[in-house]
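The structure appears below as structure tokens.
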Amino acid sequence: MIQIKLPEEEIAGVPLKNHMLLAAGILGTTGASLKRMLALGAGGVVTKSIGPNPIPGHHGPALIPVDCGLINAMGLPNPSKDFVEEISPLKGEPVVVSIFGGTPAEFGEVASWFSNAAAFELNLSCPHAEGYGAAIGVDPRIVQECTEIVKTYNKPVWVKLTPNVTDIKMIGKAAEKGGADALVAINTVKAMRISTELCRPVLGNVFGGLSGKAVFPIAVRSVYDLYEAVGIPIIGCGGITTADNVVEMMMAGASAVEIGSAIYDSVNVFSEIAADLYAEDGIPAEEIVGCAHV
Ligand code: RRO
């Protein structure tokens, strides 16, 4: 397997310690858990998505393990503005704050609270949130406007995209037009399970989002598509569990990756992948980013 060198420069405006970030939504609700994931080898961390008002989340069951993945319908649980204090001890660390709102103005309001963020990741892609996430992230005009307003806070802006669209390239281009510094592909894939014993949907919210190994090929395809359509960096996210998966994502066009569901199986996944991925005589990652494109 190809081995690479650690990054020597910022990636999409963020000084990452390696090419792997903790994805939004996993162990990202407290300053302590984010700090722990950095200590366990994450090159950067993305927080749980924070919105304009506190939300308790959907009622359970909210997370179900399935073959090769997880389906969640957490329902954007978050403490809103109180989270500013929660992550203040992490000042100076590569902490990307994931934010959401129902309008561009709400995105701007939430961004205005986080002067310590290394970057913002705009959640325009949660698949099961009425009025938020993918409900507005399928509209290129809104995606552009949300990006523009958050850009006024002078930090790198990453836009996380939903795969639940006919043409992800169109949404990616809208974010790029709004000034995005990077695209993150992908959020979870809309999914559900039914209990045949109970004759009812398993999730409290009925629908949720599928993550984990099952979605890796969808994420690779999305990154590959976006690489052909935009000129900004792409962060690959979805089902990555091995160093070879990281290399494959890079060959599709990703400059870095985010890892979430794999933590369910091993909290040491970052250091385990790093042991296989990096070598002092490895090649610069830039040499393989997008190399699969003909
Ligand atoms: O909280 C959630 O239910 C959730 C979010 Br914000 C998201 O972006 N993606 C997802 O699968 N779940």
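In the structure tokens, the first chain shown is A, the next is B, and so on; residue numbers restart at 1 for each chain, and ligands run from 1 in the order shown.
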Could the residues of segment 88-116 of chain A that have an atom at most 10 Å from segment 17-38 of chain A be listed as a Markdown table, each with its closest atom pair and the distance in Å to one decimal, counting only C-alpha atoms and ordered by chain and ascending residue number?
| residue | atom | partner | partner_atom | distance |
| --- | --- | --- | --- | --- |
| A:Ser88 | CA | A:Gly31 | CA | 7.9 |
| A:Pro89 | CA | A:Gly31 | CA | 7.3 |
| A:Leu90 | CA | A:Gly31 | CA | 7.1 |
| A:Glu93 | CA | A:Leu38 | CA | 8.7 |
| A:Pro94 | CA | A:Lys17 | CA | 8.1 |
| A:Val95 | CA | A:Leu34 | CA | 8.3 |
| A:Val96 | CA | A:Ala24 | CA | 9.0 |
| A:Val97 | CA | A:Ala24 | CA | 8.6 |
| A:Ser98 | CA | A:Ala24 | CA | 6.8 |
| A:Ile99 | CA | A:Ala24 | CA | 9.9 |
Those same residues - N, CA, C and O atoms - I'd like them written as a short mmCIF file (atom, residue, chain, number, x, y, z; two decimals), in the first residue's frame.
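Written output follows (part.cif):
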data_model
loop_
_atom_site.label_atom_id
_atom_site.label_comp_id
_atom_site.auth_asym_id
_atom_site.auth_seq_id
_atom_site.Cartn_x
_atom_site.Cartn_y
_atom_site.Cartn_z
N SER A 88 -13.97 26.40 25.17
CA SER A 88 -12.95 27.46 25.35
C SER A 88 -11.59 26.91 25.80
O SER A 88 -10.56 27.45 25.40
N PRO A 89 -11.52 25.78 26.58
CA PRO A 89 -10.17 25.26 26.93
C PRO A 89 -9.40 24.73 25.72
O PRO A 89 -8.20 24.49 25.82
N LEU A 90 -10.06 24.56 24.58
CA LEU A 90 -9.39 24.00 23.39
C LEU A 90 -8.85 25.09 22.45
O LEU A 90 -8.46 24.81 21.32
N GLU A 93 -6.31 24.80 19.36
CA GLU A 93 -6.31 23.44 18.80
C GLU A 93 -7.11 23.43 17.48
O GLU A 93 -7.95 24.31 17.26
N PRO A 94 -6.86 22.42 16.61
CA PRO A 94 -7.60 22.36 15.33
C PRO A 94 -9.05 21.89 15.53
O PRO A 94 -9.39 20.75 15.22
N VAL A 95 -9.86 22.79 16.10
CA VAL A 95 -11.27 22.47 16.37
C VAL A 95 -12.14 23.18 15.34
O VAL A 95 -12.19 24.41 15.27
N VAL A 96 -12.80 22.38 14.51
CA VAL A 96 -13.72 22.90 13.50
C VAL A 96 -15.12 22.86 14.11
O VAL A 96 -15.57 21.80 14.56
N VAL A 97 -15.78 24.01 14.17
CA VAL A 97 -17.09 24.05 14.80
C VAL A 97 -18.17 23.85 13.73
O VAL A 97 -18.27 24.62 12.77
N SER A 98 -18.93 22.76 13.91
CA SER A 98 -20.04 22.47 12.99
C SER A 98 -21.25 23.30 13.42
O SER A 98 -21.63 23.27 14.60
N ILE A 99 -21.82 24.02 12.49
CA ILE A 99 -22.97 24.87 12.84
C ILE A 99 -24.13 24.63 11.87
O ILE A 99 -23.94 24.19 10.74
#
May I have the residues within 8 Å of ligand 1, computed using only C-alpha atoms and all ligand atoms, as number ranges by chain? A: 24-25, 48-49, 57-58, 62, 71-77, 123-129, 133, 187-189, 208-211
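Nearest residue to Trp158 of chain A, choosing from A:Pro201, A:Gly178, A:Pro104, A:Gly51 and counting only C-alpha atoms: A:Gly178.
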Nearest to Val257 of chain A, restricted to only C-alpha atoms and choosing among A:Tyr278, A:Leu122, A:Val184, A:Ile218, comes out as A:Val184
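Minimum atom-to-atom distances from A:Ile194, A:Met249, A:Ala111, A:Ile2 to Val157 of chain A were compared using only C-alpha atoms, and the lowest value belongs to A:Ala111.
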